$ cat coords.txt   # compact mmCIF, C-alpha atoms
# COMPACT_ATOMS: atom_id res chain seq x y z
CA MET A 1 128.50 187.81 77.15
CA GLU A 2 130.86 186.98 74.26
CA ASN A 3 129.17 185.36 71.27
CA TRP A 4 130.51 181.90 70.41
CA LYS A 5 130.68 182.98 66.77
CA THR A 6 133.67 185.20 67.54
CA ARG A 7 135.70 182.17 68.65
CA VAL A 8 135.14 179.90 65.65
CA ARG A 9 138.03 179.06 63.36
CA ARG A 10 137.30 180.42 59.89
CA VAL A 11 139.22 179.14 56.91
CA THR A 12 138.85 179.26 53.15
CA PRO A 13 138.34 175.61 52.18
CA TYR A 14 139.70 173.72 49.22
CA THR A 15 137.25 173.65 46.30
CA PRO A 16 137.13 170.18 44.72
CA GLY A 17 135.97 169.47 41.20
CA MET A 18 132.22 169.19 40.76
CA GLN A 19 130.79 165.79 41.64
CA PRO A 20 127.36 165.75 39.96
CA ALA A 21 124.89 162.94 40.51
CA PRO A 22 125.46 159.93 38.23
CA ASP A 23 124.03 160.53 34.79
CA ALA A 24 124.32 158.32 31.72
CA LYS A 25 124.75 161.45 29.59
CA LEU A 26 127.56 162.86 31.69
CA ILE A 27 131.15 162.84 30.42
CA LYS A 28 133.16 163.57 33.56
CA LEU A 29 136.63 164.87 32.74
CA ASN A 30 137.10 167.29 35.63
CA THR A 31 138.61 165.41 38.58
CA ASN A 32 141.32 163.20 37.03
CA GLU A 33 139.60 159.98 38.02
CA CYS A 34 140.50 156.80 36.19
CA PRO A 35 137.94 156.05 33.45
CA TYR A 36 138.29 152.29 33.93
CA PRO A 37 137.28 150.09 36.88
CA PRO A 38 139.85 148.87 39.39
CA SER A 39 141.45 145.46 39.17
CA PRO A 40 139.06 142.48 39.06
CA LYS A 41 140.85 141.33 42.20
CA VAL A 42 139.34 144.35 43.96
CA ALA A 43 135.87 143.19 42.94
CA GLU A 44 136.71 139.75 44.35
CA VAL A 45 137.32 141.34 47.75
CA PHE A 46 133.78 142.70 47.79
CA ALA A 47 132.41 139.32 46.73
CA ARG A 48 134.03 137.50 49.64
CA PHE A 49 134.02 140.25 52.26
CA GLU A 50 132.30 139.25 55.49
CA ALA A 51 130.04 142.12 56.51
CA GLY A 52 130.12 140.89 60.09
CA THR A 53 133.74 141.93 60.39
CA LEU A 54 132.69 145.58 60.04
CA ARG A 55 131.79 145.54 63.74
CA LEU A 56 135.56 145.34 64.39
CA TYR A 57 138.04 148.18 64.15
CA PRO A 58 140.56 147.96 61.28
CA GLN A 59 144.27 147.47 61.90
CA PRO A 60 145.57 150.82 63.21
CA ASP A 61 148.72 150.51 61.10
CA ALA A 62 146.88 148.96 58.13
CA ASP A 63 149.49 146.23 58.44
CA ALA A 64 148.44 144.12 55.46
CA LEU A 65 148.51 147.10 53.10
CA THR A 66 151.69 148.54 54.61
CA GLU A 67 153.48 145.22 54.13
CA ALA A 68 152.21 144.89 50.54
CA LEU A 69 153.39 148.40 49.69
CA ALA A 70 156.78 147.85 51.32
CA ALA A 71 157.30 144.67 49.30
CA TYR A 72 156.12 146.42 46.12
CA HIS A 73 158.62 149.25 46.50
CA GLY A 74 161.43 147.17 47.99
CA VAL A 75 161.62 149.08 51.27
CA ALA A 76 161.17 148.20 54.93
CA LYS A 77 157.69 148.18 56.40
CA GLU A 78 158.82 150.93 58.78
CA GLN A 79 159.31 153.21 55.78
CA VAL A 80 155.64 153.18 54.71
CA PHE A 81 152.74 155.24 56.07
CA THR A 82 149.14 154.76 54.91
CA GLY A 83 146.15 157.08 55.12
CA VAL A 84 142.74 158.00 53.79
CA GLY A 85 143.83 159.16 50.36
CA SER A 86 147.01 161.12 49.80
CA ASP A 87 145.13 164.21 51.01
CA GLU A 88 145.08 162.90 54.58
CA VAL A 89 148.70 161.77 54.27
CA LEU A 90 149.76 165.21 53.03
CA ALA A 91 147.71 167.05 55.65
CA LEU A 92 149.31 165.01 58.43
CA ALA A 93 152.73 165.64 56.88
CA PHE A 94 152.09 169.40 56.93
CA LEU A 95 151.03 169.17 60.57
CA THR A 96 154.00 166.98 61.51
CA PHE A 97 156.89 168.59 59.66
CA PHE A 98 155.88 172.22 59.11
CA ALA A 99 153.67 173.35 62.01
CA GLY A 100 156.58 174.43 64.19
CA GLU A 101 155.97 172.49 67.40
CA GLY A 102 158.52 173.60 69.99
CA HIS A 103 159.89 176.37 67.81
CA GLU A 104 158.68 179.11 65.52
CA ALA A 105 157.12 177.90 62.29
CA ARG A 106 159.08 179.01 59.24
CA PRO A 107 157.87 179.61 55.69
CA VAL A 108 157.33 176.55 53.50
CA PHE A 109 157.96 176.95 49.77
CA PHE A 110 155.76 175.61 46.96
CA PRO A 111 154.92 176.79 43.42
CA ASP A 112 152.39 179.50 42.67
CA VAL A 113 150.59 177.18 40.24
CA THR A 114 150.14 173.79 41.88
CA TYR A 115 147.69 171.71 43.92
CA SER A 116 145.63 174.36 45.70
CA PHE A 117 145.16 172.26 48.84
CA TYR A 118 148.74 173.09 49.92
CA ALA A 119 147.81 176.69 50.74
CA VAL A 120 144.62 175.54 52.47
CA TRP A 121 146.51 173.19 54.81
CA ALA A 122 149.10 175.85 55.54
CA ASP A 123 146.38 178.33 56.49
CA LEU A 124 144.48 175.73 58.52
CA PHE A 125 147.53 174.78 60.58
CA GLY A 126 148.92 178.30 60.86
CA ILE A 127 151.98 177.52 58.74
CA PRO A 128 153.61 180.48 56.94
CA TYR A 129 154.36 179.85 53.28
CA GLU A 130 155.76 181.48 50.17
CA THR A 131 154.74 180.60 46.63
CA LYS A 132 157.47 180.63 44.00
CA ALA A 133 156.49 181.67 40.51
CA LEU A 134 156.89 178.98 37.89
CA ARG A 135 158.60 180.05 34.69
CA GLU A 136 156.47 181.23 31.78
CA ASP A 137 156.34 177.66 30.46
CA PHE A 138 155.31 176.43 33.95
CA SER A 139 158.64 174.72 34.61
CA LEU A 140 160.39 174.78 37.99
CA ASP A 141 163.51 176.79 38.77
CA ALA A 142 165.48 174.85 41.39
CA ALA A 143 167.19 178.04 42.57
CA ASP A 144 163.84 179.29 43.91
CA TYR A 145 163.75 176.48 46.46
CA ALA A 146 167.30 176.59 47.84
CA ASP A 147 167.51 176.81 51.63
CA ALA A 148 163.76 176.98 52.21
CA PRO A 149 163.35 178.03 55.87
CA GLY A 150 160.49 175.65 56.67
CA GLY A 151 160.56 173.01 53.94
CA VAL A 152 159.40 172.41 50.38
CA VAL A 153 156.35 170.78 48.78
CA LEU A 154 156.36 169.84 45.11
CA ALA A 155 153.81 167.95 43.03
CA ASN A 156 155.66 165.98 40.37
CA PRO A 157 154.14 165.70 37.82
CA ASN A 158 152.56 168.98 38.75
CA ALA A 159 148.84 169.71 38.80
CA PRO A 160 147.24 171.41 37.03
CA THR A 161 150.12 172.06 34.62
CA SER A 162 150.82 168.34 33.87
CA LEU A 163 154.58 168.94 33.65
CA ALA A 164 157.14 166.60 35.21
CA ALA A 165 160.43 167.94 36.52
CA PRO A 166 163.50 165.76 35.88
CA LEU A 167 164.80 163.73 38.78
CA SER A 168 168.07 165.68 38.71
CA LEU A 169 166.17 168.88 39.50
CA ILE A 170 164.23 167.24 42.32
CA GLU A 171 167.48 165.94 43.79
CA GLU A 172 169.04 169.38 43.58
CA ILE A 173 166.19 170.81 45.64
CA VAL A 174 166.32 167.99 48.21
CA ALA A 175 170.10 168.35 48.53
CA LYS A 176 169.83 172.10 49.13
CA ASN A 177 167.36 171.60 51.98
CA ARG A 178 168.99 168.97 54.18
CA GLY A 179 167.87 170.84 57.31
CA THR A 180 164.15 170.65 56.44
CA VAL A 181 161.71 168.12 54.98
CA VAL A 182 160.99 168.06 51.24
CA ILE A 183 157.69 166.46 50.23
CA VAL A 184 157.28 165.21 46.67
CA ASP A 185 153.64 164.54 45.85
CA GLU A 186 153.60 161.83 43.17
CA ALA A 187 149.85 161.49 42.63
CA TYR A 188 150.40 161.27 38.84
CA ILE A 189 153.81 159.63 38.60
CA ASP A 190 152.49 156.41 37.05
CA PHE A 191 151.59 158.33 33.87
CA GLY A 192 155.03 159.85 33.29
CA GLY A 193 158.12 161.38 34.84
CA GLU A 194 160.79 159.93 37.12
CA THR A 195 159.91 158.90 40.64
CA ALA A 196 161.92 160.33 43.53
CA LEU A 197 161.80 157.02 45.42
CA PRO A 198 165.41 156.08 44.50
CA LEU A 199 166.57 159.23 46.31
CA LEU A 200 165.33 157.88 49.65
CA ALA A 201 168.49 155.79 50.03
CA LYS A 202 170.55 158.99 49.96
CA TYR A 203 168.39 161.64 51.65
CA ASP A 204 166.70 161.29 55.03
CA ASN A 205 164.76 164.55 54.60
CA LEU A 206 162.65 163.33 51.66
CA LEU A 207 159.04 162.13 51.86
CA VAL A 208 157.27 160.78 48.75
CA THR A 209 153.47 160.55 48.71
CA ARG A 210 151.27 158.46 46.42
CA THR A 211 147.57 157.74 45.86
CA PHE A 212 145.36 154.91 44.59
CA SER A 213 142.85 157.45 43.26
CA LYS A 214 144.32 157.95 39.80
CA SER A 215 146.16 155.06 38.16
CA ARG A 216 144.62 152.39 40.40
CA ALA A 217 141.02 153.57 39.86
CA MET A 218 140.14 153.65 43.56
CA ALA A 219 139.24 157.28 44.23
CA GLY A 220 136.09 156.11 45.99
CA MET A 221 138.03 153.97 48.46
CA ARG A 222 140.37 156.75 49.64
CA VAL A 223 143.75 155.02 49.83
CA GLY A 224 147.01 156.96 50.00
CA TYR A 225 150.49 156.44 51.38
CA ALA A 226 153.92 157.91 51.92
CA VAL A 227 157.39 156.43 51.73
CA GLY A 228 160.37 157.88 53.57
CA ASN A 229 163.03 157.00 56.09
CA ALA A 230 161.84 155.18 59.18
CA GLU A 231 162.27 158.16 61.50
CA LEU A 232 160.12 160.43 59.32
CA ILE A 233 157.44 157.76 59.11
CA ALA A 234 157.50 157.23 62.89
CA CYS A 235 156.90 160.95 63.37
CA LEU A 236 153.95 160.81 60.95
CA LYS A 237 152.47 157.86 62.83
CA ASN A 238 152.74 159.69 66.15
CA THR A 239 150.75 162.58 64.70
CA LYS A 240 148.16 160.21 63.24
CA PHE A 241 147.67 158.31 66.49
CA ALA A 242 147.34 161.59 68.38
CA TYR A 243 144.50 162.50 66.03
CA ASN A 244 142.72 159.28 64.99
CA SER A 245 144.04 155.76 65.44
CA TYR A 246 141.63 154.14 62.97
CA THR A 247 141.64 156.07 59.72
CA MET A 248 141.38 153.45 56.97
CA SER A 249 138.43 151.09 56.73
CA ARG A 250 138.85 147.32 56.65
CA VAL A 251 137.45 147.32 53.11
CA ALA A 252 139.94 149.95 51.95
CA ILE A 253 142.85 147.98 53.37
CA GLU A 254 141.83 144.72 51.71
CA THR A 255 141.03 146.27 48.33
CA GLY A 256 144.30 148.20 48.43
CA VAL A 257 146.23 144.96 48.90
CA ALA A 258 144.30 143.34 46.05
CA SER A 259 145.15 146.22 43.71
CA ILE A 260 148.84 146.09 44.55
CA ARG A 261 148.90 142.37 43.76
CA ASP A 262 147.56 142.79 40.22
CA GLU A 263 150.46 144.43 38.46
CA ALA A 264 149.44 143.27 34.99
CA TYR A 265 146.03 144.94 35.18
CA PHE A 266 147.55 148.10 36.63
CA ARG A 267 150.06 148.39 33.79
CA GLU A 268 147.43 147.67 31.16
CA THR A 269 145.19 150.43 32.53
CA VAL A 270 148.00 152.97 32.64
CA GLU A 271 149.03 152.20 29.06
CA LYS A 272 145.46 152.60 27.80
CA ILE A 273 145.23 156.03 29.41
CA LYS A 274 148.59 157.09 28.03
CA ALA A 275 147.60 155.97 24.53
CA THR A 276 144.37 157.97 24.69
CA ARG A 277 146.30 160.95 26.06
CA GLU A 278 148.62 160.95 23.07
CA ARG A 279 145.74 160.66 20.58
CA LEU A 280 143.78 163.40 22.33
CA ALA A 281 146.85 165.63 22.39
CA LYS A 282 147.37 165.15 18.65
CA GLU A 283 143.74 165.93 17.83
CA LEU A 284 143.58 168.97 20.13
CA SER A 285 146.79 170.31 18.63
CA ALA A 286 145.24 170.00 15.16
CA LEU A 287 142.33 172.09 16.41
CA GLY A 288 144.71 174.86 17.47
CA PHE A 289 144.99 174.11 21.19
CA THR A 290 148.35 174.50 22.91
CA PHE A 291 149.44 172.81 26.14
CA PRO A 292 152.52 171.70 28.05
CA PRO A 293 153.77 168.16 27.36
CA SER A 294 151.71 166.05 29.74
CA ALA A 295 153.19 163.47 32.11
CA ALA A 296 149.84 163.04 33.87
CA ASN A 297 146.37 161.69 33.08
CA PHE A 298 145.16 165.10 31.96
CA LEU A 299 145.99 167.91 29.55
CA PHE A 300 146.23 171.60 30.49
CA VAL A 301 144.96 173.30 27.35
CA ARG A 302 144.31 176.76 25.96
CA HIS A 303 143.14 178.11 22.60
CA PRO A 304 144.02 181.55 21.17
CA GLN A 305 140.51 182.01 19.74
CA ALA A 306 138.40 180.72 22.61
CA ASP A 307 137.80 182.18 26.06
CA ALA A 308 138.44 179.35 28.52
CA LYS A 309 135.59 180.15 30.91
CA THR A 310 133.08 180.47 28.07
CA LEU A 311 134.22 177.15 26.59
CA TYR A 312 134.03 175.53 30.03
CA GLU A 313 130.43 176.68 30.38
CA ALA A 314 129.52 175.59 26.84
CA LEU A 315 130.92 172.12 27.51
CA MET A 316 128.99 171.85 30.75
CA LYS A 317 125.71 172.60 28.94
CA GLU A 318 126.46 169.54 26.81
CA HIS A 319 127.13 167.42 29.93
CA ILE A 320 130.90 167.44 29.37
CA TYR A 321 132.65 168.45 32.59
CA VAL A 322 136.23 169.76 32.57
CA ARG A 323 138.02 171.91 35.19
CA TYR A 324 138.44 175.68 35.05
CA PHE A 325 140.69 177.65 37.40
CA ALA A 326 139.99 181.37 37.56
CA ALA A 327 143.37 182.44 39.03
CA PRO A 328 145.37 185.00 36.98
CA ARG A 329 147.95 182.56 35.58
CA THR A 330 145.46 179.78 34.81
CA LYS A 331 142.33 181.64 33.66
CA ASP A 332 143.09 180.98 29.98
CA TYR A 333 143.39 177.20 30.49
CA LEU A 334 141.16 174.20 30.96
CA ARG A 335 142.29 171.00 32.63
CA VAL A 336 140.92 168.03 30.73
CA THR A 337 141.09 164.55 32.24
CA VAL A 338 141.94 161.74 29.85
CA GLY A 339 138.88 159.53 29.74
CA THR A 340 138.02 156.54 27.59
CA GLU A 341 138.44 156.60 23.82
CA GLU A 342 134.69 157.13 23.50
CA GLU A 343 134.74 160.06 25.93
CA ALA A 344 137.68 161.60 24.09
CA GLU A 345 135.82 161.32 20.80
CA ALA A 346 132.70 162.96 22.25
CA LEU A 347 134.81 165.87 23.50
CA LEU A 348 136.52 166.23 20.14
CA ALA A 349 133.20 166.09 18.27
CA PHE A 350 131.96 169.02 20.34
CA LEU A 351 135.14 171.01 19.78
CA ARG A 352 135.15 170.36 16.03
CA ALA A 353 131.73 172.01 15.87
CA TYR A 354 132.41 174.81 18.38
CA PRO A 355 132.24 178.05 16.31
CA PRO A 356 134.87 180.17 18.13
CA LEU A 357 137.58 177.64 17.27
CA HIS A 358 136.93 178.05 13.56
CA GLY A 359 136.41 181.78 13.19
$ encode --input "coords.txt" --output "structure tokens"
Amino acid sequence: MENWKTRVRRVTPYTPGMQPAPDAKLIKLNTNECPYPPSPKVAEVFARFEAGTLRLYPQPDADALTEALAAYHGVAKEQVFTGVGSDEVLALAFLTFFAGEGHEARPVFFPDVTYSFYAVWADLFGIPYETKALREDFSLDAADYADAPGGVVLANPNAPTSLAAPLSLIEEIVAKNRGTVVIVDEAYIDFGGETALPLLAKYDNLLVTRTFSKSRAMAGMRVGYAVGNAELIACLKNTKFAYNSYTMSRVAIETGVASIRDEAYFRETVEKIKATRERLAKELSALGFTFPPSAANFLFVRHPQADAKTLYEALMKEHIYVRYFAAPRTKDYLRVTVGTEEEAEALLAFLRAYPPLHG
């Protein structure tokens, strides 16, 4: 008799940043979370939320949140898709636009140094892909993505490099792939760079994804969305409803709406993070670190006198968590989330006393 173990799907999963148990000593700069709480209006939702309503299913289309997002971006409701974090939105987009239903799946293009979940989803759904090498300075070459057989996925600003490609380059790539879907993952766009949303009026093959996990300080609520033309969004919804009709909780929907409606707090939070980013960049540069110009809420740093993995481990022993990627092109770098001013100062104090930086 055949053993069931021979018939199990086996994939290499995505490895998220470490999520240690809460600790007052811990300085957590490894997963690009917002260091500040979400809008006070989000807290108000919890204060008034009726627990009895949890016995009811949420709105399948997350109507209240979809309508709030459509109004916020000045698009039709039919152009917005919501999901459990941008990860679910992106996964469903891979499955919808790249998996090759009814015809042979063709290779999707994305950079060799980018969000590592892209390759995981491609493998999971049996989607062929090709990675295109970023330039030495980690910038994109638009020519690499011309006429992609199966489509294109770009994070802009990119992670973990922190670089933002100009809108003109993004448009060039979208224009050269009118026969396939181009996904622009804008998880970090609120911290810098030019959004691709204005291109939606011109290109029906563009899908832009966003998240509430970074600039809106709601990583724990898992709220993400996509904006595109109505036909693309309808296709995404069909895939979602074929998989799970009720993906977002009632609490997530209501808190998402509350966040969208507090623009002043959102802007204030973003500006605080950007100010700390610029101060941290200046201080790290003075210590001899080099890094690309960041358009995100993190810095991608290296030091000529310090081994990145060794520094990563030394920081962890002091309860300071940053992210290390062991791949060939990133093994000399650490990705450092921009935290509060106090967290930045604690990191800098450690680095000022770290012997290898001053040899």
$ atom_distance --input "coords.txt" --atom1 "CA of Ala159 in chain A" --atom2 "CA of Glu186 in chain A"
10.2 Å
$ atom_distance --input "coords.txt" --atom1 "CA of Tyr225 in chain A" --atom2 "CA of Tyr14 in chain A"
20.5 Å
$ atom_distance --input "coords.txt" --atom1 "CA of Ala219 in chain A" --atom2 "CA of Thr255 in chain A"
11.9 Å
$ residues_around --input "coords.txt" --residues "range 297-301 of chain A" --least-positions-apart "2" --cutoff "8 Å" --atoms "all atoms listed in the file" --output "number ranges by chain"
A: 32, 160-162, 188, 191, 214, 273-274, 277, 281, 289-292, 294-295, 303, 333-338
$ closest_residue --input "coords.txt" --among "A:Leu200, A:Ala70, A:Cys235, A:Leu65" --to "Ala175 in chain A" --atoms "all atoms listed in the file"
A:Leu200
$ closest_residue --input "coords.txt" --among "A:Gly339, A:Pro60, A:Pro328, A:Gly220" --to "Val113 in chain A" --atoms "only C-alpha atoms"
A:Pro328
$ closest_residue --input "coords.txt" --among "A:Pro166, A:Pro128, A:Gly228, A:Pro149" --to "Gln79 in chain A" --atoms "only C-alpha atoms"
A:Gly228
$ residues_near_point --input "coords.txt" --point "(158.3, 175.6, 63.6)" --cutoff "12 Å" --atoms "all atoms listed in the file" --output "list in words"
Phe94, Leu95, Thr96, Phe97, Phe98, Ala99, Gly100, Glu101, Gly102, His103, Glu104, Ala105, Arg106, Pro107, Val108, Phe125, Gly126, Ile127, Pro128, Tyr129, Pro149, Gly150, Gly151, Thr180 and Val181 of chain A
$ residues_near_point --input "coords.txt" --point "(159.9, 162.3, 45.8)" --cutoff "10 Å" --atoms "all atoms listed in the file" --output "JSON, numbers by chain"
{"A": [153, 154, 155, 156, 167, 170, 171, 174, 182, 183, 184, 185, 186, 189, 194, 195, 196, 197, 198, 199, 200, 206, 207, 208, 209, 210, 226, 227, 228]}
$ residues_around --input "coords.txt" --residues "Glu263 in chain A" --least-positions-apart "6" --cutoff "10 Å" --atoms "only C-alpha atoms" --output "PyMOL selection string"
chain A and resi 39+72+269
$ closest_residue --input "coords.txt" --among "A:Leu347, A:Leu280, A:Ser168, A:Arg48" --to "Met316 in chain A" --atoms "all atoms listed in the file"
A:Leu347
$ closest_residue --input "coords.txt" --among "A:Leu54, A:Leu351, A:Leu236, A:Ile173" --to "Gly288 in chain A" --atoms "all atoms listed in the file"
A:Leu351
$ closest_residue --input "coords.txt" --among "A:Ala165, A:Leu29, A:Thr66, A:His358" --to "Pro304 in chain A" --atoms "all atoms listed in the file"
A:His358
$ build_atoms --input "coords.txt" --residues "range 174-195 of chain A" --atoms "N, CA and C atoms" --output "PDB file, in the coordinates of the input"
ATOM      1  N   VAL A 174     166.201 168.759  46.964  1.00  0.00           N
ATOM      2  CA  VAL A 174     166.320 167.990  48.210  1.00  0.00           C
ATOM      3  C   VAL A 174     167.693 168.217  48.842  1.00  0.00           C
ATOM      4  N   ALA A 175     168.735 168.198  48.022  1.00  0.00           N
ATOM      5  CA  ALA A 175     170.100 168.350  48.530  1.00  0.00           C
ATOM      6  C   ALA A 175     170.342 169.727  49.128  1.00  0.00           C
ATOM      7  N   LYS A 176     169.639 170.734  48.632  1.00  0.00           N
ATOM      8  CA  LYS A 176     169.830 172.100  49.130  1.00  0.00           C
ATOM      9  C   LYS A 176     168.944 172.421  50.328  1.00  0.00           C
ATOM     10  N   ASN A 177     168.243 171.397  50.834  1.00  0.00           N
ATOM     11  CA  ASN A 177     167.360 171.600  51.980  1.00  0.00           C
ATOM     12  C   ASN A 177     167.516 170.478  52.997  1.00  0.00           C
ATOM     13  N   ARG A 178     168.748 170.098  53.281  1.00  0.00           N
ATOM     14  CA  ARG A 178     168.990 168.970  54.180  1.00  0.00           C
ATOM     15  C   ARG A 178     168.491 169.236  55.604  1.00  0.00           C
ATOM     16  N   GLY A 179     168.311 170.507  55.962  1.00  0.00           N
ATOM     17  CA  GLY A 179     167.870 170.840  57.310  1.00  0.00           C
ATOM     18  C   GLY A 179     166.363 170.858  57.471  1.00  0.00           C
ATOM     19  N   THR A 180     165.610 170.653  56.382  1.00  0.00           N
ATOM     20  CA  THR A 180     164.150 170.650  56.440  1.00  0.00           C
ATOM     21  C   THR A 180     163.621 169.476  55.613  1.00  0.00           C
ATOM     22  N   VAL A 181     162.323 169.233  55.705  1.00  0.00           N
ATOM     23  CA  VAL A 181     161.710 168.120  54.980  1.00  0.00           C
ATOM     24  C   VAL A 181     161.217 168.610  53.614  1.00  0.00           C
ATOM     25  N   VAL A 182     161.494 167.812  52.595  1.00  0.00           N
ATOM     26  CA  VAL A 182     160.990 168.060  51.240  1.00  0.00           C
ATOM     27  C   VAL A 182     159.974 166.972  50.919  1.00  0.00           C
ATOM     28  N   ILE A 183     158.759 167.397  50.598  1.00  0.00           N
ATOM     29  CA  ILE A 183     157.690 166.460  50.230  1.00  0.00           C
ATOM     30  C   ILE A 183     157.510 166.494  48.718  1.00  0.00           C
ATOM     31  N   VAL A 184     157.557 165.322  48.097  1.00  0.00           N
ATOM     32  CA  VAL A 184     157.280 165.210  46.670  1.00  0.00           C
ATOM     33  C   VAL A 184     155.990 164.416  46.508  1.00  0.00           C
ATOM     34  N   ASP A 185     154.985 165.099  46.024  1.00  0.00           N
ATOM     35  CA  ASP A 185     153.640 164.540  45.850  1.00  0.00           C
ATOM     36  C   ASP A 185     153.568 163.900  44.459  1.00  0.00           C
ATOM     37  N   GLU A 186     153.558 162.562  44.430  1.00  0.00           N
ATOM     38  CA  GLU A 186     153.600 161.830  43.170  1.00  0.00           C
ATOM     39  C   GLU A 186     152.245 161.211  42.810  1.00  0.00           C
ATOM     40  N   ALA A 187     151.198 161.993  42.942  1.00  0.00           N
ATOM     41  CA  ALA A 187     149.850 161.490  42.630  1.00  0.00           C
ATOM     42  C   ALA A 187     149.747 160.991  41.193  1.00  0.00           C
ATOM     43  N   TYR A 188     150.530 161.588  40.270  1.00  0.00           N
ATOM     44  CA  TYR A 188     150.400 161.270  38.840  1.00  0.00           C
ATOM     45  C   TYR A 188     151.626 160.578  38.256  1.00  0.00           C
ATOM     46  N   ILE A 189     152.519 160.124  39.096  1.00  0.00           N
ATOM     47  CA  ILE A 189     153.810 159.630  38.600  1.00  0.00           C
ATOM     48  C   ILE A 189     153.681 158.395  37.714  1.00  0.00           C
ATOM     49  N   ASP A 190     152.632 157.617  37.862  1.00  0.00           N
ATOM     50  CA  ASP A 190     152.490 156.410  37.050  1.00  0.00           C
ATOM     51  C   ASP A 190     152.246 156.708  35.580  1.00  0.00           C
ATOM     52  N   PHE A 191     151.874 157.957  35.263  1.00  0.00           N
ATOM     53  CA  PHE A 191     151.590 158.330  33.870  1.00  0.00           C
ATOM     54  C   PHE A 191     152.776 158.994  33.181  1.00  0.00           C
ATOM     55  N   GLY A 192     153.868 159.224  33.904  1.00  0.00           N
ATOM     56  CA  GLY A 192     155.030 159.850  33.290  1.00  0.00           C
ATOM     57  C   GLY A 192     155.953 160.451  34.340  1.00  0.00           C
ATOM     58  N   GLY A 193     157.163 160.799  33.913  1.00  0.00           N
ATOM     59  CA  GLY A 193     158.120 161.380  34.840  1.00  0.00           C
ATOM     60  C   GLY A 193     158.942 160.329  35.558  1.00  0.00           C
ATOM     61  N   GLU A 194     159.886 160.804  36.364  1.00  0.00           N
ATOM     62  CA  GLU A 194     160.790 159.930  37.120  1.00  0.00           C
ATOM     63  C   GLU A 194     160.455 160.028  38.593  1.00  0.00           C
ATOM     64  N   THR A 195     160.209 158.893  39.233  1.00  0.00           N
ATOM     65  CA  THR A 195     159.910 158.900  40.640  1.00  0.00           C
ATOM     66  C   THR A 195     161.123 159.298  41.478  1.00  0.00           C
TER      67      THR A 195
END
